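Trainee: TSV, C-alpha atoms and all ligand atoms, file upload-v4.tsv:
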```tsv
chain	number	residue	atom	x	y	z
S	153	MET	CA	-11.64	25.86	8.35
S	154	ALA	CA	-13.46	28.86	7.00
S	155	GLY	CA	-14.62	32.11	8.52
S	156	GLY	CA	-13.72	35.75	8.89
S	157	PHE	CA	-10.49	37.19	10.21
S	158	GLY	CA	-9.83	36.58	13.89
S	159	VAL	CA	-12.52	33.96	14.28
S	160	GLY	CA	-10.14	31.24	15.46
S	161	LYS	CA	-9.16	29.28	12.32
S	162	THR	CA	-5.43	29.29	13.01
S	163	THR	CA	-6.10	28.48	16.66
S	164	ALA	CA	-8.37	25.55	15.78
S	165	VAL	CA	-5.90	24.04	13.32
S	166	GLY	CA	-3.16	24.38	15.95
S	167	SER	CA	-5.25	22.77	18.70
S	168	ILE	CA	-5.74	19.50	16.85
S	169	SER	CA	-2.72	19.28	14.56
S	170	GLU	CA	0.05	16.86	15.50
S	171	ILE	CA	2.61	19.06	13.78
S	172	ASP	CA	3.20	22.74	14.42
S	173	PRO	CA	0.80	24.35	11.98
S	174	LEU	CA	2.56	25.33	8.83
S	175	ARG	CA	1.89	28.41	6.86
S	176	THR	CA	2.08	28.36	3.13
S	177	GLU	CA	1.11	30.81	0.47
S	178	ALA	CA	-0.78	30.36	-2.72
S	179	ALA	CA	-0.54	32.81	-5.56
S	180	MET	CA	-3.73	34.41	-6.77
S	181	THR	CA	-3.18	33.26	-10.34
S	182	SER	CA	-0.79	30.67	-11.69
S	183	ALA	CA	0.63	33.34	-13.96
S	184	SER	CA	2.03	35.06	-10.91
S	185	VAL	CA	3.97	32.04	-9.70
S	186	GLY	CA	7.49	33.00	-8.92
S	187	VAL	CA	7.10	36.69	-9.61
S	188	ASP	CA	9.22	38.54	-7.10
S	189	ASP	CA	9.79	41.57	-9.26
S	190	THR	CA	6.55	43.48	-9.40
S	191	SER	CA	7.69	46.14	-11.84
S	192	GLY	CA	5.41	46.11	-14.82
S	193	VAL	CA	3.28	43.36	-13.35
S	194	ASP	CA	-0.39	43.88	-12.70
S	195	ALA	CA	-0.74	44.14	-8.93
S	196	LYS	CA	-3.58	41.69	-8.83
S	197	THR	CA	-1.47	38.89	-10.25
S	198	THR	CA	0.93	39.12	-7.32
S	199	THR	CA	-1.63	38.81	-4.53
S	200	THR	CA	-1.03	35.80	-2.36
S	201	VAL	CA	-3.13	34.29	0.36
S	202	ALA	CA	-1.78	32.68	3.49
S	203	MET	CA	-3.05	29.28	4.41
S	204	ASP	CA	-2.72	27.45	7.71
S	205	PHE	CA	-2.08	23.83	7.41
S	206	GLY	CA	-2.17	21.01	9.96
S	207	ARG	CA	-2.17	17.23	10.04
S	208	LEU	CA	-3.85	14.59	12.17
S	209	THR	CA	-3.14	10.87	11.93
S	210	VAL	CA	-6.51	9.34	12.77
S	211	ALA	CA	-5.60	5.69	12.21
S	212	ASP	CA	-2.81	3.61	10.80
S	213	GLY	CA	-2.42	4.79	7.22
S	214	LEU	CA	-5.17	7.39	7.47
S	215	VAL	CA	-4.16	11.01	7.71
S	216	LEU	CA	-6.52	13.98	7.85
S	217	TYR	CA	-5.22	17.30	6.57
S	218	LEU	CA	-6.61	20.53	7.92
S	219	PHE	CA	-6.52	23.75	5.96
S	220	GLY	CA	-7.54	27.16	7.13
S	221	THR	CA	-7.74	30.20	4.95
S	222	PRO	CA	-9.70	33.45	5.05
S	223	GLY	CA	-13.29	33.35	3.86
S	224	GLN	CA	-13.37	36.55	1.89
S	225	ASP	CA	-14.94	36.59	-1.55
S	226	ARG	CA	-11.66	37.42	-3.18
S	227	PHE	CA	-10.17	34.16	-1.87
S	228	TRP	CA	-12.71	31.85	-3.47
S	229	PHE	CA	-10.12	30.61	-5.95
S	230	MET	CA	-8.40	29.14	-2.93
S	231	TRP	CA	-11.55	27.52	-1.65
S	232	ASP	CA	-12.26	25.90	-5.01
S	233	GLU	CA	-8.94	24.18	-4.64
S	234	LEU	CA	-9.27	23.33	-0.95
S	235	THR	CA	-12.72	21.80	-1.29
S	236	ARG	CA	-11.74	19.44	-4.08
S	237	GLY	CA	-11.68	16.01	-2.49
S	238	ALA	CA	-12.41	17.45	0.97
S	239	VAL	CA	-14.47	15.72	3.66
S	240	GLY	CA	-16.21	19.04	4.29
S	241	ALA	CA	-15.82	22.42	5.88
S	242	LEU	CA	-15.93	23.82	9.39
S	243	VAL	CA	-17.24	27.38	9.26
S	244	LEU	CA	-16.24	29.23	12.42
S	245	ILE	CA	-18.41	32.09	13.59
S	246	ASP	CA	-17.90	34.84	16.13
S	247	THR	CA	-21.39	35.95	17.13
S	248	ARG	CA	-20.19	39.51	17.70
S	249	ARG	CA	-19.42	39.65	13.98
S	250	LEU	CA	-21.92	37.23	12.57
S	251	ALA	CA	-21.97	38.78	9.10
S	252	ASP	CA	-18.32	37.80	8.59
S	253	GLY	CA	-19.56	34.24	8.32
S	254	PHE	CA	-22.10	34.89	5.55
S	255	PRO	CA	-19.75	34.51	2.57
S	256	ALA	CA	-18.46	31.13	3.75
S	257	VAL	CA	-21.95	29.82	4.45
S	258	ASP	CA	-23.10	31.02	1.01
S	259	TYR	CA	-20.13	29.38	-0.63
S	260	PHE	CA	-20.67	25.92	0.84
S	261	GLU	CA	-24.43	26.07	0.37
S	262	GLN	CA	-24.16	27.00	-3.28
S	263	ARG	CA	-21.68	24.25	-4.01
S	264	ASP	CA	-23.64	21.75	-1.99
S	265	LEU	CA	-20.63	20.73	0.11
S	266	PRO	CA	-21.00	19.25	3.59
S	267	PHE	CA	-20.31	21.89	6.22
S	268	LEU	CA	-20.80	22.53	9.90
S	269	VAL	CA	-21.02	25.85	11.67
S	270	GLY	CA	-19.05	26.19	14.89
S	271	VAL	CA	-19.84	29.13	17.14
S	272	ASN	CA	-16.50	29.97	18.72
S	273	VAL	CA	-17.36	31.21	22.19
S	274	PHE	CA	-15.20	34.24	22.91
S	275	ASP	CA	-17.38	35.55	25.70
S	276	PRO	CA	-19.47	32.92	27.50
S	277	ASN	CA	-21.66	35.71	28.94
S	278	HIS	CA	-22.71	36.84	25.49
S	279	THR	CA	-23.55	33.73	23.57
S	280	PRO	CA	-26.93	33.95	21.88
S	281	PRO	CA	-29.06	30.82	21.73
S	282	LEU	CA	-28.05	28.59	18.83
S	283	GLU	CA	-31.52	28.83	17.30
S	284	GLU	CA	-31.06	32.58	16.97
S	285	VAL	CA	-27.73	32.01	15.26
S	286	ARG	CA	-29.36	29.50	12.91
S	287	THR	CA	-32.03	32.00	11.98
S	288	ALA	CA	-29.57	34.86	11.54
S	289	LEU	CA	-27.40	32.76	9.25
S	290	ALA	CA	-30.49	31.34	7.48
S	291	LEU	CA	-29.08	27.85	7.95
S	292	SER	CA	-31.26	24.98	6.90
S	293	ASP	CA	-32.20	22.52	9.65
S	294	ASP	CA	-29.88	19.79	8.45
S	295	VAL	CA	-26.70	21.89	8.80
S	296	PRO	CA	-25.04	20.98	12.10
S	297	LEU	CA	-24.53	23.96	14.40
S	298	MET	CA	-22.61	23.76	17.66
S	299	LEU	CA	-20.69	25.78	20.21
S	300	CYS	CA	-16.94	25.32	20.33
S	301	ASP	CA	-13.71	26.55	21.79
S	302	ALA	CA	-11.02	26.70	19.12
S	303	ARG	CA	-8.31	26.54	21.79
S	304	ASN	CA	-9.47	23.18	23.03
S	305	ARG	CA	-8.40	20.03	21.20
S	306	GLU	CA	-11.34	18.02	22.46
S	307	SER	CA	-13.77	20.66	21.26
S	308	VAL	CA	-12.20	20.75	17.79
S	309	ARG	CA	-12.20	16.95	17.66
S	310	MET	CA	-15.95	17.01	18.39
S	311	LEU	CA	-16.45	19.39	15.47
S	312	LEU	CA	-14.56	17.02	13.20
S	313	ILE	CA	-16.57	14.03	14.39
S	314	GLU	CA	-19.83	15.88	13.84
S	315	LEU	CA	-18.78	17.08	10.40
S	316	THR	CA	-17.65	13.61	9.35
S	317	SER	CA	-20.95	12.07	10.56
S	318	HIS	CA	-22.79	14.69	8.55
S	319	ALA	CA	-20.70	14.01	5.42
S	320	LEU	CA	-21.20	10.27	5.89
S	321	LYS	CA	-24.96	10.65	6.17
S	322	ARG	CA	-25.02	12.65	2.97
S	323	ALA	CA	-22.73	10.22	1.15
S	324	LYS	CA	-24.96	7.31	2.14
S	325	ALA	CA	-28.08	9.14	0.97
S	326	ALA	CA	-26.43	9.92	-2.36
S	327	ARG	CA	-25.14	6.38	-2.89
S	328	PRO	CA	-26.95	4.63	-5.70
S	329	GLY	CA	-28.94	1.52	-4.83
A	88	MET	CA	27.27	24.64	-4.15
A	89	ASN	CA	25.70	24.50	-0.79
A	90	PRO	CA	21.91	24.22	-1.02
A	91	GLU	CA	21.53	25.95	2.33
A	92	GLY	CA	23.87	28.78	1.45
A	93	PRO	CA	23.18	32.17	-0.11
A	94	ASP	CA	22.91	30.55	-3.54
A	95	ARG	CA	19.58	29.17	-2.43
A	96	LEU	CA	18.06	32.62	-2.61
A	97	VAL	CA	17.17	32.44	-6.27
A	98	ARG	CA	13.90	33.58	-7.66
A	99	PRO	CA	11.29	30.86	-7.79
A	100	TYR	CA	11.01	31.67	-11.48
A	101	LEU	CA	14.56	30.40	-11.90
A	102	ILE	CA	14.01	27.37	-9.73
A	103	THR	CA	11.29	26.19	-12.04
A	104	GLY	CA	13.38	26.70	-15.15
A	105	GLY	CA	11.31	29.61	-16.34
A	106	ARG	CA	8.05	27.73	-16.52
A	107	THR	CA	5.06	29.00	-14.65
A	108	GLN	CA	2.63	26.17	-15.26
A	109	PRO	CA	2.86	22.74	-13.66
A	110	SER	CA	2.77	19.87	-16.13
A	111	ASP	CA	-0.22	18.44	-14.32
A	112	GLU	CA	-2.49	19.52	-11.51
A	113	LEU	CA	-1.63	18.07	-8.13
A	114	PRO	CA	-4.13	18.54	-5.31
A	115	LEU	CA	-2.79	20.08	-2.10
A	116	GLU	CA	-3.07	16.92	-0.09
A	117	THR	CA	-1.28	14.74	-2.65
A	118	LEU	CA	1.25	12.54	-0.86
A	119	ILE	CA	4.70	12.59	-2.34
A	120	GLU	CA	7.49	10.14	-1.67
A	121	ALA	CA	11.06	9.90	-2.91
A	122	THR	CA	11.78	6.88	-5.09
A	123	PRO	CA	14.74	4.59	-4.24
A	124	HIS	CA	16.28	5.91	-7.45
A	125	ALA	CA	16.07	9.48	-6.09
A	126	LEU	CA	17.65	8.47	-2.79
A	127	ASP	CA	20.59	6.98	-4.73
A	128	LEU	CA	20.96	10.20	-6.67
A	129	VAL	CA	20.28	12.67	-3.88
A	130	GLY	CA	23.95	13.71	-3.64
A	131	THR	CA	23.86	14.89	-7.23
A	132	LEU	CA	20.70	16.99	-6.87
A	133	ARG	CA	20.81	20.66	-5.99
A	134	PHE	CA	18.71	23.37	-4.43
A	135	GLU	CA	14.98	22.76	-4.05
A	136	PRO	CA	14.88	19.40	-5.85
A	137	ARG	CA	17.39	18.07	-3.37
A	138	ARG	CA	15.48	19.43	-0.39
A	139	VAL	CA	12.23	18.00	-1.70
A	140	VAL	CA	13.75	14.54	-2.16
A	141	GLU	CA	15.26	14.68	1.31
A	142	LEU	CA	11.99	15.81	2.88
A	143	CYS	CA	10.06	13.07	1.10
A	144	ARG	CA	11.98	10.08	2.42
A	145	SER	CA	8.63	9.30	4.00
A	146	PRO	CA	5.42	10.52	2.33
A	147	LEU	CA	4.61	14.19	2.72
A	148	SER	CA	1.74	16.23	1.32
A	149	LEU	CA	2.30	18.82	-1.37
A	150	ALA	CA	1.11	21.59	0.98
A	151	GLU	CA	3.66	20.53	3.58
A	152	VAL	CA	6.45	20.39	1.01
A	153	ALA	CA	5.65	23.96	-0.07
A	154	ALA	CA	5.64	25.19	3.52
A	155	ARG	CA	8.86	23.38	4.45
A	156	ILE	CA	10.86	24.69	1.53
A	157	SER	CA	9.21	28.13	1.82
A	158	VAL	CA	7.99	28.48	-1.73
A	159	PRO	CA	4.47	29.28	-2.94
A	160	LEU	CA	2.27	26.32	-3.68
A	161	GLY	CA	2.41	26.82	-7.43
A	162	VAL	CA	6.18	26.66	-7.39
A	163	ALA	CA	6.22	23.50	-5.27
A	164	ARG	CA	3.80	21.98	-7.76
A	165	VAL	CA	6.13	22.60	-10.67
A	166	ILE	CA	9.15	21.21	-8.82
A	167	VAL	CA	7.27	18.11	-7.72
A	168	ALA	CA	5.75	17.47	-11.14
A	169	ASP	CA	9.18	17.72	-12.77
A	170	LEU	CA	10.79	15.36	-10.26
A	171	ALA	CA	7.94	12.90	-10.68
A	172	ALA	CA	8.41	13.00	-14.45
A	173	GLU	CA	12.03	12.02	-13.88
A	174	ASP	CA	11.02	9.12	-11.65
A	175	LEU	CA	12.56	10.80	-8.60
A	176	LEU	CA	9.26	11.17	-6.77
A	177	LYS	CA	6.30	8.87	-6.52
A	178	ILE	CA	2.89	10.52	-6.39
A	179	HIS	CA	0.41	8.63	-4.25
A	180	ARG	CA	-3.22	8.45	-5.24
A	181	THR	CA	-5.42	10.73	-3.18
A	182	VAL	CA	-9.12	11.15	-2.52
A	183	PRO	CA	-11.06	11.65	-5.78
A	184	ALA	CA	-12.28	15.16	-6.60
A	185	HIS	CA	-15.87	14.41	-5.62
A	186	GLY	CA	-14.70	13.64	-2.08
A	187	PRO	CA	-14.25	10.57	0.10
A	188	ASP	CA	-16.61	7.62	-0.35
A	189	VAL	CA	-18.70	5.91	2.35
A	190	PRO	CA	-16.07	3.33	3.46
A	191	LEU	CA	-13.41	6.01	3.79
A	192	LEU	CA	-15.73	8.30	5.77
A	193	GLU	CA	-16.57	5.38	8.05
A	194	ARG	CA	-12.87	4.73	8.69
A	195	LEU	CA	-12.35	8.41	9.37
A	196	LEU	CA	-15.22	8.58	11.82
A	197	ASP	CA	-13.93	5.48	13.61
A	198	GLY	CA	-10.46	6.98	13.80
A	199	LEU	CA	-11.64	10.37	15.02
A	200	SER	CA	-13.70	8.75	17.74
A	201	SER	CA	-10.60	7.27	19.31
A	202	CYS	CA	-7.75	9.66	18.64
F	401	LIG	N1	-11.54	33.51	24.13
F	401	LIG	C1	-11.25	32.87	23.01
F	401	LIG	N2	-10.27	33.37	22.19
F	401	LIG	C2	-9.98	32.72	21.07
F	401	LIG	C3	-10.66	31.54	20.68
F	401	LIG	N3	-10.18	31.13	19.48
F	401	LIG	C4	-9.24	32.02	19.12
F	401	LIG	N4	-9.11	32.98	20.08
F	401	LIG	C5	-8.19	34.13	20.01
F	401	LIG	O1	-8.64	34.97	18.97
F	401	LIG	C6	-7.55	35.50	18.23
F	401	LIG	C7	-7.69	35.21	16.75
F	401	LIG	O2	-7.61	33.82	16.52
F	401	LIG	P1	-6.98	33.21	15.19
F	401	LIG	O3	-6.97	31.72	15.36
F	401	LIG	O4	-5.68	33.84	14.86
F	401	LIG	O5	-8.05	33.65	14.10
F	401	LIG	P2	-8.05	33.44	12.50
F	401	LIG	O6	-7.83	34.80	11.90
F	401	LIG	O7	-9.40	32.92	12.17
F	401	LIG	O8	-6.97	32.47	12.14
F	401	LIG	C8	-6.31	34.91	18.85
F	401	LIG	O9	-5.75	35.85	19.70
F	401	LIG	C9	-6.81	33.71	19.61
F	401	LIG	O10	-6.00	33.42	20.73
F	401	LIG	C10	-11.66	31.02	21.57
F	401	LIG	O11	-12.30	29.99	21.33
F	401	LIG	N5	-11.91	31.73	22.71
F	402	MG	MG	-5.36	32.88	10.93
```
Can the structure in the file be given as structure tokens, please?
Mentor:
Amino acid sequence: MAGGFGVGKTTAVGSISEIDPLRTEAAMTSASVGVDDTSGVDAKTTTTVAMDFGRLTVADGLVLYLFGTPGQDRFWFMWDELTRGAVGALVLIDTRRLADGFPAVDYFEQRDLPFLVGVNVFDPNHTPPLEEVRTALALSDDVPLMLCDARNRESVRMLLIELTSHALKRAKAARPG
Amino acid sequence: MNPEGPDRLVRPYLITGGRTQPSDELPLETLIEATPHALDLVGTLRFEPRRVVELCRSPLSLAEVAARISVPLGVARVIVADLAAEDLLKIHRTVPAHGPDVPLLERLLDGLSSC
């Protein structure tokens, strides 16, 4: 789950997770691991980023892990780790602060990772048409874009289904032979 | 010493024996499980290693281990790597770095459609 602050990442992880979402922290650099005494330590080595974490058993022996962490440029080190081996990314957008979603969209586009954009509807009376959102985000036509409600399990499940279908389509197209 | 007592409040730096680099990279979602050997020895383990072994009686992801024992991810990685090197934890194979393959995505889609 990617996206700006307050866009609903923690809420979405919590809606679908079968465990109470856990919060863990990752250090900015491995050199800062375990540093609790900041005297004489470069401040930037002690920066940590919080990460929401949830779990969903989708079938016997098949568990999907959900990670949510802020989509700011300075957290890309975290995303490099999260996207390794990932099915794909759900980028959540609040249309009142569309620009907060740009960095995440850029990130997944540049790395050619499967992603879906979910427009989290905070105010149903002010939801612009999806085609306007697509244009504003400069999303290519093949990137799935849908409305969602991060508080609703069914809605989040639909996002996951759509993202997985998208990833599957891409994996099939890339498969040799 | 009681692993839940005040003695537990040691700096992560000390927990990991002064090392700050894990012996190998473990992805976040890596599933970790205590070996039968570890369960025999659990009474002799202390602090975080003991808690990790106890938590991992059934498989748990690295991210979850870190959250449950309230240490940063990097610290959990070092603890887990060390315990695995001593045959106290078994590390389960996870999805390869390039992502899940077609059969796995198909299973996932099937599962998501009915969960
Ligand atoms: N109306 C509405 N509020 C939401 C929705 N999703 C999240 N919120 C609220 O928005 C706030 C920020 O959500 P949060 O999940 O913490 O955002 P995060 O910073 O991306 O993790 C919280 O108060 C949520 O209850 C939604 O779909 N609709
Ligand atoms: Mg949050």
Trainee: Report the distance between atom CA of Leu282 of chain S and atom CA of Val269 of chain S in Å, rounded to one decimal place.
Mentor: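 Computing the Euclidean distance for atom CA of Leu282 of chain S and atom CA of Val269 of chain S yields 10.4 Å.
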Trainee: Check which residues fall inside 7 Å of ligand LIG 401 (chain F) when counting all atoms listed in the file, and print them as a ChimeraX atom specification.
Mentor: /S:155-164,272-275,300-303
Trainee: When distances are computed from all atoms listed in the file, which of S:Tyr217, S:Gly237, S:Leu244, S:Val295 shows the smallest separation from ligand MG 402 (chain F)?
Mentor: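 That would be S:Leu244, the residue with the smallest distance to ligand MG 402 (chain F).
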Trainee: Compare S:Ile313, S:Ala326, S:Leu299, S:Ala154 by their minimum atom-to-atom distance to chain A, counting all atoms listed in the file, and give me the closest one.
Mentor: S:Ile313
Trainee: Write out as a ChimeraX atom specification each polymer residue whose atoms come within 12 Å of Val189 of chain A, counting all atoms listed in the file; drop sequence neighbours fewer than 6 positions from it.
Mentor: /S:239,316-328 /A:182,195-196
Trainee: List as a PyMOL selection string the residues having at least one atom at most 12 Å from position (-17.1, 31.7, 1.1) as given in the file, counting only C-alpha atoms.
Mentor: chain S and resi 153-156+221-232+234-235+241-244+251-263+265+267
Trainee: Store the residues picked out above, limited to C-alpha atoms, as an mmCIF file, in the frame of the given file.
Mentor:
```
data_model
loop_
_atom_site.group_PDB
_atom_site.id
_atom_site.type_symbol
_atom_site.label_atom_id
_atom_site.label_comp_id
_atom_site.auth_asym_id
_atom_site.auth_seq_id
_atom_site.Cartn_x
_atom_site.Cartn_y
_atom_site.Cartn_z
ATOM 1 C CA MET S 153 -11.640 25.860 8.350
ATOM 2 C CA ALA S 154 -13.460 28.860 7.000
ATOM 3 C CA GLY S 155 -14.620 32.110 8.520
ATOM 4 C CA GLY S 156 -13.720 35.750 8.890
ATOM 5 C CA THR S 221 -7.740 30.200 4.950
ATOM 6 C CA PRO S 222 -9.700 33.450 5.050
ATOM 7 C CA GLY S 223 -13.290 33.350 3.860
ATOM 8 C CA GLN S 224 -13.370 36.550 1.890
ATOM 9 C CA ASP S 225 -14.940 36.590 -1.550
ATOM 10 C CA ARG S 226 -11.660 37.420 -3.180
ATOM 11 C CA PHE S 227 -10.170 34.160 -1.870
ATOM 12 C CA TRP S 228 -12.710 31.850 -3.470
ATOM 13 C CA PHE S 229 -10.120 30.610 -5.950
ATOM 14 C CA MET S 230 -8.400 29.140 -2.930
ATOM 15 C CA TRP S 231 -11.550 27.520 -1.650
ATOM 16 C CA ASP S 232 -12.260 25.900 -5.010
ATOM 17 C CA LEU S 234 -9.270 23.330 -0.950
ATOM 18 C CA THR S 235 -12.720 21.800 -1.290
ATOM 19 C CA ALA S 241 -15.820 22.420 5.880
ATOM 20 C CA LEU S 242 -15.930 23.820 9.390
ATOM 21 C CA VAL S 243 -17.240 27.380 9.260
ATOM 22 C CA LEU S 244 -16.240 29.230 12.420
ATOM 23 C CA ALA S 251 -21.970 38.780 9.100
ATOM 24 C CA ASP S 252 -18.320 37.800 8.590
ATOM 25 C CA GLY S 253 -19.560 34.240 8.320
ATOM 26 C CA PHE S 254 -22.100 34.890 5.550
ATOM 27 C CA PRO S 255 -19.750 34.510 2.570
ATOM 28 C CA ALA S 256 -18.460 31.130 3.750
ATOM 29 C CA VAL S 257 -21.950 29.820 4.450
ATOM 30 C CA ASP S 258 -23.100 31.020 1.010
ATOM 31 C CA TYR S 259 -20.130 29.380 -0.630
ATOM 32 C CA PHE S 260 -20.670 25.920 0.840
ATOM 33 C CA GLU S 261 -24.430 26.070 0.370
ATOM 34 C CA GLN S 262 -24.160 27.000 -3.280
ATOM 35 C CA ARG S 263 -21.680 24.250 -4.010
ATOM 36 C CA LEU S 265 -20.630 20.730 0.110
ATOM 37 C CA PHE S 267 -20.310 21.890 6.220
#
```
Trainee: Residues at most 9 Å from Leu250 of chain S, counting all atoms listed in the file, excluding those fewer than 3 positions away in the same chain, as a PDB file with C-alpha atoms, in the coordinates of the input?
Mentor:
```pdb
ATOM      1  CA  ILE S 245     -18.410  32.090  13.590  1.00  0.00           C
ATOM      2  CA  ASP S 246     -17.900  34.840  16.130  1.00  0.00           C
ATOM      3  CA  THR S 247     -21.390  35.950  17.130  1.00  0.00           C
ATOM      4  CA  GLY S 253     -19.560  34.240   8.320  1.00  0.00           C
ATOM      5  CA  PHE S 254     -22.100  34.890   5.550  1.00  0.00           C
ATOM      6  CA  VAL S 285     -27.730  32.010  15.260  1.00  0.00           C
ATOM      7  CA  ALA S 288     -29.570  34.860  11.540  1.00  0.00           C
ATOM      8  CA  LEU S 289     -27.400  32.760   9.250  1.00  0.00           C
TER       9      LEU S 289
END
```
Trainee: Taking all atoms of segment 267-271 of chain S that the file lists, what box with edges along x, y and z, padded by 8 Å per side, do you get, with centre and edge lengths in Å to one decimal, as lines of an AutoDock Vina configuration file?
Mentor:
```
center_x = -20.0
center_y = 25.5
center_z = 11.7
size_x = 18.0
size_y = 23.2
size_z = 26.9
```
Trainee: Near Ser145 of chain A, within 10 Å and counting all atoms listed in the file, which residues show up once chain neighbours fewer than 3 positions away are dropped, as a PyMOL selection string?
Mentor: chain A and resi 118-122+140-142
Trainee: What separation in Å, quoted to one decimal, exists between atom CA of Gly220 of chain S and atom CA of Leu170 of chain A?
Mentor: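 Distance between the two atoms: 27.9 Å.
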Trainee: One number please: atom CA of Met203 of chain S to atom CA of Asp294 of chain S, in Å, one decimal.
Mentor: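 Atom CA of Asp294 of chain S lies at a distance of 28.7 Å from atom CA of Met203 of chain S.
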